[in-house]
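Trainee: One file: entry_10.cif (mmCIF, C-alpha atoms).
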data_start
loop_
_atom_site.label_atom_id
_atom_site.label_comp_id
_atom_site.auth_asym_id
_atom_site.auth_seq_id
_atom_site.Cartn_x
_atom_site.Cartn_y
_atom_site.Cartn_z
CA MET H 1 9.77 -17.67 -27.09
CA ALA H 2 9.66 -13.91 -26.66
CA ARG H 3 7.82 -12.06 -29.42
CA TRP H 4 9.65 -8.80 -28.77
CA GLU H 5 13.29 -7.75 -28.94
CA PRO H 6 14.44 -7.15 -25.40
CA GLY H 7 17.31 -4.87 -24.41
CA ALA H 8 19.56 -5.48 -21.40
CA ARG H 9 17.08 -3.94 -18.97
CA GLU H 10 14.22 -6.15 -20.16
CA ARG H 11 16.43 -9.25 -20.22
CA LEU H 12 17.44 -8.57 -16.63
CA VAL H 13 13.81 -8.35 -15.52
CA VAL H 14 12.85 -11.56 -17.33
CA ALA H 15 15.92 -13.40 -16.00
CA ALA H 16 15.16 -12.28 -12.44
CA VAL H 17 11.51 -13.35 -12.64
CA ASP H 18 12.56 -16.72 -14.05
CA LEU H 19 15.12 -17.27 -11.29
CA PHE H 20 12.71 -16.16 -8.55
CA THR H 21 10.22 -18.70 -9.91
CA GLU H 22 12.79 -21.49 -10.11
CA GLN H 23 14.62 -21.05 -6.83
CA GLY H 24 12.90 -18.30 -4.83
CA TYR H 25 13.63 -14.63 -4.30
CA ASP H 26 15.90 -14.96 -1.27
CA ALA H 27 18.15 -17.57 -2.89
CA THR H 28 18.67 -15.54 -6.08
CA THR H 29 21.75 -13.32 -6.36
CA VAL H 30 22.46 -10.33 -8.59
CA ALA H 31 25.35 -12.33 -10.12
CA GLN H 32 22.96 -15.12 -11.13
CA ILE H 33 20.48 -12.66 -12.64
CA ALA H 34 23.23 -10.95 -14.65
CA GLU H 35 24.60 -14.27 -15.87
CA ARG H 36 21.17 -15.53 -16.96
CA ALA H 37 20.54 -12.26 -18.80
CA GLY H 38 23.94 -12.48 -20.52
CA VAL H 39 25.26 -9.21 -19.08
CA THR H 40 27.87 -8.25 -16.48
CA LYS H 41 27.12 -7.35 -12.87
CA SER H 42 28.10 -3.77 -13.58
CA THR H 43 25.48 -3.64 -16.33
CA PHE H 44 22.95 -4.84 -13.76
CA PHE H 45 23.92 -2.01 -11.42
CA ARG H 46 23.71 0.57 -14.20
CA HIS H 47 20.02 -0.34 -14.49
CA PHE H 48 18.97 -1.21 -10.91
CA PRO H 49 20.28 -0.52 -7.39
CA ASP H 50 19.42 -4.05 -6.19
CA LYS H 51 17.32 -7.12 -7.01
CA ARG H 52 14.27 -5.82 -5.20
CA GLU H 53 13.99 -2.58 -7.16
CA LEU H 54 14.11 -4.58 -10.36
CA LEU H 55 10.60 -5.89 -9.73
CA VAL H 56 9.07 -2.45 -9.39
CA ALA H 57 11.23 -1.02 -12.16
CA GLY H 58 8.38 0.80 -13.85
CA GLN H 59 7.08 2.58 -10.75
CA GLU H 60 8.62 6.01 -11.33
CA THR H 61 7.78 6.02 -15.03
CA LEU H 62 4.21 4.95 -14.30
CA SER H 63 3.77 7.61 -11.62
CA ARG H 64 5.09 10.26 -13.97
CA LEU H 65 2.85 9.19 -16.86
CA LEU H 66 -0.25 8.94 -14.66
CA ALA H 67 0.42 12.44 -13.31
CA GLU H 68 1.13 13.88 -16.78
CA GLY H 69 -2.04 12.43 -18.26
CA ILE H 70 -4.07 13.93 -15.41
CA ALA H 71 -2.28 17.29 -15.59
CA GLU H 72 -2.82 17.63 -19.33
CA ALA H 73 -6.51 16.71 -19.39
CA PRO H 74 -8.57 19.69 -20.67
CA ALA H 75 -9.89 22.20 -18.15
CA GLY H 76 -13.35 21.21 -16.94
CA THR H 77 -12.59 17.49 -17.19
CA SER H 78 -14.12 15.60 -14.25
CA PRO H 79 -11.79 13.91 -11.72
CA LEU H 80 -12.50 10.41 -13.06
CA GLU H 81 -12.15 11.53 -16.69
CA ALA H 82 -8.77 13.00 -15.76
CA VAL H 83 -7.83 9.69 -14.10
CA ALA H 84 -8.87 7.87 -17.30
CA ALA H 85 -6.53 10.18 -19.23
CA GLY H 86 -3.75 9.28 -16.78
CA LEU H 87 -4.37 5.55 -17.18
CA THR H 88 -4.35 5.92 -20.94
CA ARG H 89 -1.08 7.81 -20.85
CA ALA H 90 0.51 5.22 -18.51
CA SER H 91 -0.50 2.49 -20.92
CA GLY H 92 2.43 3.54 -23.10
CA ALA H 93 4.81 2.03 -20.52
CA ILE H 94 3.01 -1.32 -20.37
CA GLY H 95 3.88 -3.57 -23.27
CA PRO H 96 4.42 -7.18 -24.32
CA MET H 97 7.14 -7.80 -21.73
CA SER H 98 4.76 -6.86 -18.89
CA LYS H 99 2.27 -9.35 -20.23
CA GLU H 100 4.81 -12.12 -20.68
CA ILE H 101 6.14 -11.92 -17.12
CA ALA H 102 2.88 -11.00 -15.33
CA PRO H 103 1.91 -14.48 -14.00
CA ARG H 104 5.42 -15.31 -12.75
CA LEU H 105 5.90 -11.84 -11.28
CA LYS H 106 2.60 -12.20 -9.41
CA ALA H 107 3.70 -15.57 -8.02
CA ALA H 108 7.12 -14.21 -6.99
CA VAL H 109 5.53 -11.30 -5.12
CA ALA H 110 3.02 -13.59 -3.40
CA ALA H 111 5.84 -15.87 -2.22
CA SER H 112 8.08 -13.20 -0.66
CA ALA H 113 7.22 -10.97 2.32
CA GLU H 114 9.92 -8.54 1.21
CA LEU H 115 8.47 -8.24 -2.30
CA ARG H 116 4.92 -7.89 -0.96
CA GLU H 117 6.06 -4.89 1.06
CA ARG H 118 7.81 -3.33 -1.90
CA ASP H 119 4.79 -4.00 -4.10
CA ALA H 120 2.50 -2.39 -1.52
CA LEU H 121 4.66 0.73 -1.56
CA LYS H 122 4.37 0.80 -5.34
CA SER H 123 0.57 0.74 -5.03
CA VAL H 124 0.53 3.50 -2.44
CA SER H 125 2.90 5.57 -4.60
CA LEU H 126 0.79 5.26 -7.75
CA ALA H 127 -2.38 6.30 -5.91
CA ALA H 128 -0.52 9.22 -4.31
CA ALA H 129 0.77 10.36 -7.73
CA MET H 130 -2.79 10.49 -9.09
CA THR H 131 -4.21 12.18 -5.99
CA SER H 132 -1.48 14.79 -6.01
CA ALA H 133 -1.96 15.55 -9.73
CA LEU H 134 -5.70 16.00 -9.10
CA VAL H 135 -5.11 18.34 -6.14
CA THR H 136 -2.85 20.40 -8.42
CA ARG H 137 -5.81 20.69 -10.82
CA GLY H 138 -7.84 22.19 -7.95
CA VAL H 139 -9.83 19.05 -7.09
CA PRO H 140 -10.80 19.18 -3.38
CA ASP H 141 -8.79 16.95 -1.10
CA ALA H 142 -11.33 14.21 -0.26
CA ILE H 143 -12.49 13.90 -3.89
CA ALA H 144 -8.89 13.75 -5.11
CA ALA H 145 -7.98 11.06 -2.55
CA LEU H 146 -10.99 9.00 -3.58
CA ALA H 147 -10.35 9.41 -7.31
CA GLY H 148 -6.68 8.45 -6.79
CA GLU H 149 -7.74 5.21 -5.08
CA LEU H 150 -10.26 4.48 -7.82
CA GLY H 151 -7.47 5.03 -10.33
CA LEU H 152 -5.25 2.56 -8.50
CA LEU H 153 -8.02 -0.05 -8.30
CA ALA H 154 -8.74 0.46 -12.01
CA PHE H 155 -5.04 0.10 -12.78
CA LYS H 156 -4.78 -3.17 -10.85
CA ARG H 157 -8.07 -4.68 -11.99
CA GLY H 158 -7.41 -3.63 -15.59
CA TYR H 159 -3.89 -5.04 -15.39
CA THR H 160 -5.16 -8.41 -14.21
CA ALA H 161 -7.81 -8.57 -16.95
CA TRP H 162 -5.33 -7.48 -19.62
CA SER H 163 -2.57 -9.86 -18.54
CA GLU H 164 -4.98 -12.80 -18.44
CA SER H 165 -6.50 -12.02 -21.84
CA ASP H 166 -5.52 -14.12 -24.85
CA ARG H 167 -5.81 -11.15 -27.19
CA GLU H 168 -2.73 -9.12 -28.07
CA ASP H 169 -4.18 -5.70 -27.45
CA GLU H 170 -3.33 -2.57 -25.50
CA PHE H 171 -3.60 -2.15 -21.74
CA ALA H 172 -5.48 1.19 -21.82
CA PRO H 173 -8.99 -0.07 -22.73
CA TYR H 174 -8.85 -2.64 -19.91
CA ALA H 175 -7.94 0.01 -17.34
CA VAL H 176 -10.55 2.45 -18.62
CA ALA H 177 -13.21 -0.30 -18.58
CA ALA H 178 -12.27 -1.20 -15.00
CA LEU H 179 -12.56 2.47 -14.05
CA GLY H 180 -16.02 2.57 -15.59
CA GLU H 181 -17.04 -0.50 -13.64
CA LEU H 182 -15.82 1.10 -10.40
CA ARG H 183 -17.60 4.35 -11.24
CA ALA H 184 -20.83 2.37 -11.67
CA ALA H 185 -20.14 0.59 -8.37
CA THR H 186 -20.16 3.90 -6.47
CA ALA H 187 -23.96 3.92 -6.84
CA PHE H 188 -24.21 0.78 -4.68
CA LEU H 189 -22.07 1.84 -1.75
CA SER H 190 -24.49 3.45 0.66
CA MET L 191 4.24 12.72 30.96
CA ALA L 192 2.08 9.76 29.97
CA ARG L 193 -1.50 9.91 31.19
CA TRP L 194 -1.98 6.15 30.96
CA GLU L 195 -0.33 3.20 32.67
CA PRO L 196 1.72 1.41 30.03
CA GLY L 197 2.68 -2.25 30.20
CA ALA L 198 5.90 -3.65 28.74
CA ARG L 199 4.50 -3.83 25.22
CA GLU L 200 3.41 -0.19 25.24
CA ARG L 201 6.67 0.95 26.85
CA LEU L 202 8.60 -0.83 24.10
CA VAL L 203 6.63 0.96 21.37
CA VAL L 204 7.09 4.36 23.00
CA ALA L 205 10.81 3.75 23.62
CA ALA L 206 11.30 2.69 20.00
CA VAL L 207 9.49 5.72 18.61
CA ASP L 208 11.54 8.01 20.89
CA LEU L 209 14.82 6.42 19.79
CA PHE L 210 13.86 6.49 16.10
CA THR L 211 13.12 10.20 16.50
CA GLU L 212 16.38 10.92 18.34
CA GLN L 213 18.84 8.89 16.31
CA GLY L 214 17.04 7.41 13.32
CA TYR L 215 15.54 4.00 12.62
CA ASP L 216 18.63 2.37 11.13
CA ALA L 217 20.90 3.37 14.02
CA THR L 218 18.53 2.03 16.70
CA THR L 219 19.05 -1.50 18.03
CA VAL L 220 16.68 -3.86 19.81
CA ALA L 221 19.05 -3.74 22.82
CA GLN L 222 18.69 0.05 23.03
CA ILE L 223 14.91 -0.13 22.76
CA ALA L 224 14.71 -2.74 25.53
CA GLU L 225 17.04 -0.73 27.77
CA ARG L 226 15.05 2.48 27.28
CA ALA L 227 11.84 0.63 28.06
CA GLY L 228 13.38 -0.90 31.18
CA VAL L 229 12.94 -4.51 30.03
CA THR L 230 15.25 -7.29 28.87
CA LYS L 231 15.93 -8.19 25.25
CA SER L 232 14.09 -11.46 25.73
CA THR L 233 11.02 -9.51 26.86
CA PHE L 234 11.30 -7.54 23.62
CA PHE L 235 11.34 -10.75 21.60
CA ARG L 236 8.36 -12.14 23.49
CA HIS L 237 6.37 -9.20 22.13
CA PHE L 238 7.88 -8.53 18.68
CA PRO L 239 9.96 -10.48 16.12
CA ASP L 240 12.07 -7.40 15.25
CA LYS L 241 12.16 -3.61 15.46
CA ARG L 242 10.26 -3.15 12.25
CA GLU L 243 7.19 -5.15 13.28
CA LEU L 244 6.99 -3.09 16.44
CA LEU L 245 5.79 -0.11 14.43
CA VAL L 246 2.89 -1.93 12.84
CA ALA L 247 2.13 -3.86 16.02
CA GLY L 248 -1.61 -3.28 15.81
CA GLN L 249 -2.06 -4.46 12.20
CA GLU L 250 -3.39 -7.94 12.86
CA THR L 251 -5.68 -6.81 15.65
CA LEU L 252 -7.01 -3.96 13.51
CA SER L 253 -7.62 -6.25 10.54
CA ARG L 254 -9.47 -8.72 12.75
CA LEU L 255 -11.64 -6.04 14.36
CA LEU L 256 -12.46 -4.35 11.03
CA ALA L 257 -13.50 -7.71 9.59
CA GLU L 258 -15.52 -8.68 12.67
CA GLY L 259 -17.41 -5.39 12.70
CA ILE L 260 -18.27 -5.83 9.02
CA ALA L 261 -19.23 -9.49 9.45
CA GLU L 262 -21.54 -8.79 12.37
CA ALA L 263 -23.40 -5.85 10.83
CA PRO L 264 -27.11 -6.71 10.46
CA ALA L 265 -28.31 -8.31 7.22
CA GLY L 266 -29.36 -5.67 4.70
CA THR L 267 -26.76 -3.19 5.91
CA SER L 268 -25.22 -1.30 2.98
CA PRO L 269 -21.52 -1.82 2.19
CA LEU L 270 -20.49 1.58 3.61
CA GLU L 271 -22.65 1.12 6.72
CA ALA L 272 -20.92 -2.22 7.26
CA VAL L 273 -17.55 -0.48 6.85
CA ALA L 274 -18.62 2.11 9.42
CA ALA L 275 -19.41 -0.76 11.81
CA GLY L 276 -15.92 -2.16 11.16
CA LEU L 277 -14.27 1.20 11.85
CA THR L 278 -16.26 1.57 15.06
CA ARG L 279 -15.23 -1.91 16.19
CA ALA L 280 -11.56 -1.23 15.37
CA SER L 281 -11.69 1.93 17.43
CA GLY L 282 -11.45 -0.26 20.53
CA ALA L 283 -7.80 -0.96 19.69
CA ILE L 284 -6.86 2.70 19.27
CA GLY L 285 -6.32 4.44 22.57
CA PRO L 286 -4.30 7.13 24.34
CA MET L 287 -0.96 5.56 23.48
CA SER L 288 -1.71 5.74 19.75
CA LYS L 289 -2.47 9.42 20.15
CA GLU L 290 0.63 10.14 22.20
CA ILE L 291 3.04 8.57 19.72
CA ALA L 292 1.22 9.50 16.48
CA PRO L 293 3.30 12.56 15.46
CA ARG L 294 6.66 10.90 16.17
CA LEU L 295 5.58 7.65 14.54
CA LYS L 296 4.54 9.55 11.42
CA ALA L 297 7.94 11.30 11.33
CA ALA L 298 9.81 8.01 11.82
CA VAL L 299 7.91 6.35 8.96
CA ALA L 300 8.47 9.35 6.67
CA ALA L 301 12.22 9.23 7.37
CA SER L 302 12.79 5.53 6.64
CA ALA L 303 12.31 3.79 3.29
CA GLU L 304 12.07 0.47 5.11
CA LEU L 305 9.30 1.71 7.40
CA ARG L 306 7.44 3.33 4.51
CA GLU L 307 7.32 -0.06 2.79
CA ARG L 308 6.12 -1.82 5.92
CA ASP L 309 3.54 0.90 6.51
CA ALA L 310 2.31 0.56 2.91
CA LEU L 311 1.80 -3.16 3.43
CA LYS L 312 -0.19 -2.39 6.55
CA SER L 313 -2.48 -0.11 4.51
CA VAL L 314 -2.93 -2.68 1.77
CA SER L 315 -3.67 -5.36 4.41
CA LEU L 316 -6.32 -3.30 6.19
CA ALA L 317 -8.13 -2.52 2.91
CA ALA L 318 -7.93 -6.20 1.92
CA ALA L 319 -9.38 -7.28 5.28
CA MET L 320 -12.40 -5.01 4.76
CA THR L 321 -12.87 -6.01 1.11
CA SER L 322 -12.68 -9.68 1.98
CA ALA L 323 -15.20 -9.33 4.82
CA LEU L 324 -17.59 -7.55 2.44
CA VAL L 325 -17.22 -10.24 -0.24
CA THR L 326 -18.07 -12.82 2.43
CA ARG L 327 -21.29 -10.86 3.06
CA GLY L 328 -22.15 -11.30 -0.64
CA VAL L 329 -21.15 -7.80 -1.79
CA PRO L 330 -20.10 -7.96 -5.48
CA ASP L 331 -16.39 -7.81 -6.11
CA ALA L 332 -15.98 -4.29 -7.56
CA ILE L 333 -18.25 -2.74 -4.93
CA ALA L 334 -16.43 -4.57 -2.13
CA ALA L 335 -13.03 -3.45 -3.45
CA LEU L 336 -14.21 0.13 -3.63
CA ALA L 337 -15.81 0.07 -0.17
CA GLY L 338 -12.61 -1.47 1.28
CA GLU L 339 -10.54 1.40 -0.14
CA LEU L 340 -13.03 3.96 1.16
CA GLY L 341 -12.74 2.29 4.55
CA LEU L 342 -8.95 2.57 4.45
CA LEU L 343 -9.08 6.23 3.40
CA ALA L 344 -11.61 6.91 6.18
CA PHE L 345 -9.37 5.11 8.66
CA LYS L 346 -6.33 7.17 7.67
CA ARG L 347 -8.09 10.51 7.37
CA GLY L 348 -9.99 9.92 10.61
CA TYR L 349 -6.77 8.88 12.35
CA THR L 350 -5.00 12.07 11.30
CA ALA L 351 -7.91 14.26 12.43
CA TRP L 352 -8.22 12.38 15.73
CA SER L 353 -4.50 12.42 16.51
CA GLU L 354 -4.26 16.14 15.78
CA SER L 355 -7.31 17.03 17.87
CA ASP L 356 -6.81 18.60 21.29
CA ARG L 357 -9.88 16.87 22.68
CA GLU L 358 -9.52 13.59 24.54
CA ASP L 359 -12.21 11.67 22.74
CA GLU L 360 -12.64 8.37 20.92
CA PHE L 361 -11.31 7.54 17.46
CA ALA L 362 -14.56 6.09 16.08
CA PRO L 363 -16.50 9.33 15.42
CA TYR L 364 -13.56 10.76 13.49
CA ALA L 365 -13.33 7.70 11.24
CA VAL L 366 -17.09 7.58 10.70
CA ALA L 367 -17.14 11.32 9.89
CA ALA L 368 -14.31 10.84 7.38
CA LEU L 369 -16.24 7.98 5.79
CA GLY L 370 -19.29 10.25 5.49
CA GLU L 371 -17.16 12.92 3.83
CA LEU L 372 -15.81 10.38 1.34
CA ARG L 373 -19.30 9.05 0.66
CA ALA L 374 -20.41 12.62 -0.15
CA ALA L 375 -17.33 13.03 -2.37
CA THR L 376 -18.44 10.12 -4.59
CA ALA L 377 -21.07 12.47 -6.06
CA PHE L 378 -18.32 14.67 -7.53
CA LEU L 379 -16.19 12.05 -9.22
CA SER L 380 -17.58 11.84 -12.72
#
Do you think you could lay out the structure here as structure tokens?
Mentor:
Amino acid sequence: MARWEPGARERLVVAAVDLFTEQGYDATTVAQIAERAGVTKSTFFRHFPDKRELLVAGQETLSRLLAEGIAEAPAGTSPLEAVAAGLTRASGAIGPMSKEIAPRLKAAVAASAELRERDALKSVSLAAAMTSALVTRGVPDAIAALAGELGLLAFKRGYTAWSESDREDEFAPYAVAALGELRAATAFLS
Amino acid sequence: MARWEPGARERLVVAAVDLFTEQGYDATTVAQIAERAGVTKSTFFRHFPDKRELLVAGQETLSRLLAEGIAEAPAGTSPLEAVAAGLTRASGAIGPMSKEIAPRLKAAVAASAELRERDALKSVSLAAAMTSALVTRGVPDAIAALAGELGLLAFKRGYTAWSESDREDEFAPYAVAALGELRAATAFLS
């Protein structure tokens, strides 16, 4: 049973992930998702343009928070410290619902070529948001591109570790720890 | 005028990119692409499952070559040196046609949400191919993930530099130079 009080938007996401797991992405209709969530189809369309966008619902919010955290890091902050600030800021958008649906969402994406494409675009967009925020801070192009990709890897690796953890803690420390691990790994590249 | 002798597959790619530029991706049909290329629709379908796959036609070949180059690098080669070997091997699949269509292909991808998604999946797939080949060599997970992303960035940055160059030279040196630039950038991350 859910340990949080979901609104219509959250119920729609959970219902969709459940239905994708039960009967597959292609076979699931917007009408079925709305019915399972206990809302009307027009409520669905107030929240999402279609069933695909529902699975990357947080992308724009995440991109904005990552960029804001980077932009607002103090002057003189290193690129990776700024990325850590972005990851910490983005953590605010990743709560109990994300954790509850993570394994089923992962399975749904793995099972659908269409969702894999959309998920890949989400990844590329998050890295681009971080890179662009770093360039705005005056970080040179190649360093910003690299730090943006490290940020994305840290986000993904931290997300996996956090969603698989039994503890009910925040996402931020997992992402920041993953970033630290990647930073250490740079010493073993060449 | 083309300075190379294209076969049906290459003519189909060029015709598609021309039509996407002239009238947009959504408005272009397989029948139009085949007609422009001077082949039948069944010839089209012998080469590509649909118009979208046509634009990422080289993905599987590139992934295979990147992985082979990494796998066959001598024992004791560092992760980034192995990635450089992969980029050099993949260069064999990137010739004059790639250069000729690069600007229009880039514009077509930028103009279509559907193509941006497919292109993002291509990026994610190329990085995954390199990471996986490095893990198979015994490179630890975090280092392999990082080196795979550096390889992808080097591929993309090298590709842009190569396709915008006026000289008629090979792709490999551009990708290897971009990888060197990114390697140097790692010193300025933290």
Trainee: With a cut-off of 8 Å, could you pull out the residues of chain L touching chain H and give me the nearest pair of atoms for each, distance in Å to one decimal, using all atoms listed in the file, ordered by chain and ascending number, as a tab-separated table?
Mentor:
residue	atom	partner	partner_atom	distance
L:Ser268	CA	H:Ser190	CA	5.3
L:Pro269	CA	H:Leu189	CA	5.4
L:Leu270	CA	H:Ser190	CA	5.3
L:Glu271	CA	H:Ser190	CA	6.7
L:Arg306	CA	H:Leu121	CA	7.2
L:Glu307	CA	H:Leu121	CA	5.2
L:Arg308	CA	H:Glu117	CA	5.7
L:Ala310	CA	H:Leu121	CA	5.1
L:Leu311	CA	H:Ala120	CA	5.1
L:Val314	CA	H:Ala120	CA	6.4
L:Ala332	CA	H:Leu182	CA	6.1
L:Ile333	CA	H:Ala185	CA	5.1
L:Ala335	CA	H:Leu153	CA	7.8
L:Leu336	CA	H:Leu182	CA	7.0
L:Ala337	CA	H:Leu189	CA	6.7
L:Glu339	CA	H:Glu149	CA	6.8
L:Leu340	CA	H:Leu146	CA	7.2
L:Leu343	CA	H:Ala145	CA	7.7
L:Glu371	CA	H:Ala142	CA	7.2
L:Leu372	CA	H:Ala142	CA	6.1
L:Arg373	CA	H:Ser190	CA	7.6
L:Ala375	CA	H:Ile143	CA	5.1
L:Thr376	CA	H:Thr186	CA	6.7
L:Phe378	CA	H:Ile143	CA	6.9
L:Leu379	CA	H:Pro79	CA	5.4
L:Ser380	CA	H:Leu80	CA	5.3
Trainee: Would you work out the distance separating CA of Thr131 in chain H from CA of Glu60 in chain H, expressed in Å to one decimal?
Mentor: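 Distance reported for this atom pair: 15.2 Å.
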Trainee: Hey, can you pull every residue with an atom no more than 9 Å from (17.1, 3.1, 11.0), using all atoms listed in the file, and send it as a list in words?
Mentor: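 The residues that fall inside the cut-off are Phe210, Gln213, Gly214, Tyr215, Asp216, Ala217, Thr218, Thr219, Ala298, Ala301, Ser302, Glu304 and Leu305 of chain L.
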Trainee: With distances taken over all atoms listed in the file, which of L:Arg357, L:Lys296, L:Arg279, L:Arg201 is nearest to Thr251 in chain L?
Mentor: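 Using all atoms listed in the file, Thr251 in chain L sits closest to L:Arg279.
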Trainee: Can you work out which one of H:Arg137, H:Gln59, H:Ala172, H:Ser132 has the shortest atom-to-atom distance to Ala75 in chain H, counting only C-alpha atoms?
Mentor: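 Nearest candidate to Ala75 in chain H out of H:Arg137, H:Gln59, H:Ala172, H:Ser132: H:Arg137.
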Trainee: Considering only C-alpha atoms, state which residue in the set H:Lys156, H:Arg9, H:Arg64, H:Arg46 is at the smallest distance from Ala128 in chain H.
Mentor: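 So, comparing all the options, the nearest one is H:Arg64.
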Trainee: So, with all atoms listed in the file as the atoms that count, which of L:Arg294, L:Leu255, L:Trp352, L:Gly282 lies closest to Val203 in chain L?
Mentor: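 Going through L:Arg294, L:Leu255, L:Trp352, L:Gly282 one by one, the smallest distance to Val203 in chain L is for L:Arg294.
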Trainee: Would you compute the distance between CA of Ala297 in chain L and CA of Ala274 in chain L? Give it in Å to one decimal.
Mentor: 28.2 Å
Trainee: One decimal, in Å: what's the spacing between CA of Glu68 in chain H and CA of Ile101 in chain H?
Mentor: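 Taking CA of Glu68 in chain H and CA of Ile101 in chain H, their separation equals 26.3 Å.
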Trainee: May I ask you to restore N, CA and C atoms in range 130-150 of chain H and write the result as a JSON list (two decimals), in the coordinates of the input?
Mentor:
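Resulting contents of rebuild.json:
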[["chain", "number", "residue", "atom", "x", "y", "z"],
["H", 130, "MET", "N", -1.53, 10.04, -8.47],
["H", 130, "MET", "CA", -2.79, 10.49, -9.09],
["H", 130, "MET", "C", -3.49, 11.52, -8.22],
["H", 131, "THR", "N", -3.55, 11.24, -6.91],
["H", 131, "THR", "CA", -4.21, 12.18, -5.99],
["H", 131, "THR", "C", -3.53, 13.55, -6.04],
["H", 132, "SER", "N", -2.22, 13.54, -6.01],
["H", 132, "SER", "CA", -1.48, 14.79, -6.01],
["H", 132, "SER", "C", -1.69, 15.57, -7.31],
["H", 133, "ALA", "N", -1.73, 14.87, -8.44],
["H", 133, "ALA", "CA", -1.96, 15.55, -9.73],
["H", 133, "ALA", "C", -3.37, 16.14, -9.77],
["H", 134, "LEU", "N", -4.33, 15.47, -9.14],
["H", 134, "LEU", "CA", -5.70, 16.00, -9.10],
["H", 134, "LEU", "C", -5.79, 17.22, -8.20],
["H", 135, "VAL", "N", -5.11, 17.18, -7.05],
["H", 135, "VAL", "CA", -5.11, 18.34, -6.14],
["H", 135, "VAL", "C", -4.52, 19.55, -6.86],
["H", 136, "THR", "N", -3.47, 19.31, -7.65],
["H", 136, "THR", "CA", -2.85, 20.40, -8.42],
["H", 136, "THR", "C", -3.83, 21.01, -9.42],
["H", 137, "ARG", "N", -4.76, 20.19, -9.92],
["H", 137, "ARG", "CA", -5.81, 20.69, -10.82],
["H", 137, "ARG", "C", -6.88, 21.47, -10.07],
["H", 138, "GLY", "N", -6.83, 21.49, -8.73],
["H", 138, "GLY", "CA", -7.84, 22.19, -7.95],
["H", 138, "GLY", "C", -8.96, 21.29, -7.44],
["H", 139, "VAL", "N", -8.81, 19.97, -7.61],
["H", 139, "VAL", "CA", -9.83, 19.05, -7.09],
["H", 139, "VAL", "C", -9.73, 19.03, -5.57],
["H", 140, "PRO", "N", -10.86, 19.19, -4.84],
["H", 140, "PRO", "CA", -10.80, 19.18, -3.38],
["H", 140, "PRO", "C", -10.20, 17.86, -2.86],
["H", 141, "ASP", "N", -9.56, 18.01, -1.73],
["H", 141, "ASP", "CA", -8.79, 16.95, -1.10],
["H", 141, "ASP", "C", -9.48, 15.58, -1.02],
["H", 142, "ALA", "N", -10.67, 15.51, -0.45],
["H", 142, "ALA", "CA", -11.33, 14.21, -0.26],
["H", 142, "ALA", "C", -11.69, 13.59, -1.61],
["H", 143, "ILE", "N", -12.12, 14.41, -2.56],
["H", 143, "ILE", "CA", -12.49, 13.90, -3.89],
["H", 143, "ILE", "C", -11.24, 13.40, -4.62],
["H", 144, "ALA", "N", -10.14, 14.15, -4.47],
["H", 144, "ALA", "CA", -8.89, 13.75, -5.11],
["H", 144, "ALA", "C", -8.36, 12.44, -4.53],
["H", 145, "ALA", "N", -8.46, 12.29, -3.20],
["H", 145, "ALA", "CA", -7.98, 11.06, -2.55],
["H", 145, "ALA", "C", -8.79, 9.86, -3.05],
["H", 146, "LEU", "N", -10.09, 10.06, -3.13],
["H", 146, "LEU", "CA", -10.99, 9.00, -3.58],
["H", 146, "LEU", "C", -10.72, 8.65, -5.05],
["H", 147, "ALA", "N", -10.59, 9.66, -5.89],
["H", 147, "ALA", "CA", -10.35, 9.41, -7.31],
["H", 147, "ALA", "C", -8.99, 8.74, -7.52],
["H", 148, "GLY", "N", -7.99, 9.09, -6.70],
["H", 148, "GLY", "CA", -6.68, 8.45, -6.79],
["H", 148, "GLY", "C", -6.77, 6.96, -6.47],
["H", 149, "GLU", "N", -7.56, 6.63, -5.45],
["H", 149, "GLU", "CA", -7.74, 5.21, -5.08],
["H", 149, "GLU", "C", -8.53, 4.46, -6.15],
["H", 150, "LEU", "N", -9.53, 5.11, -6.72],
["H", 150, "LEU", "CA", -10.26, 4.48, -7.82],
["H", 150, "LEU", "C", -9.32, 4.23, -9.00]]
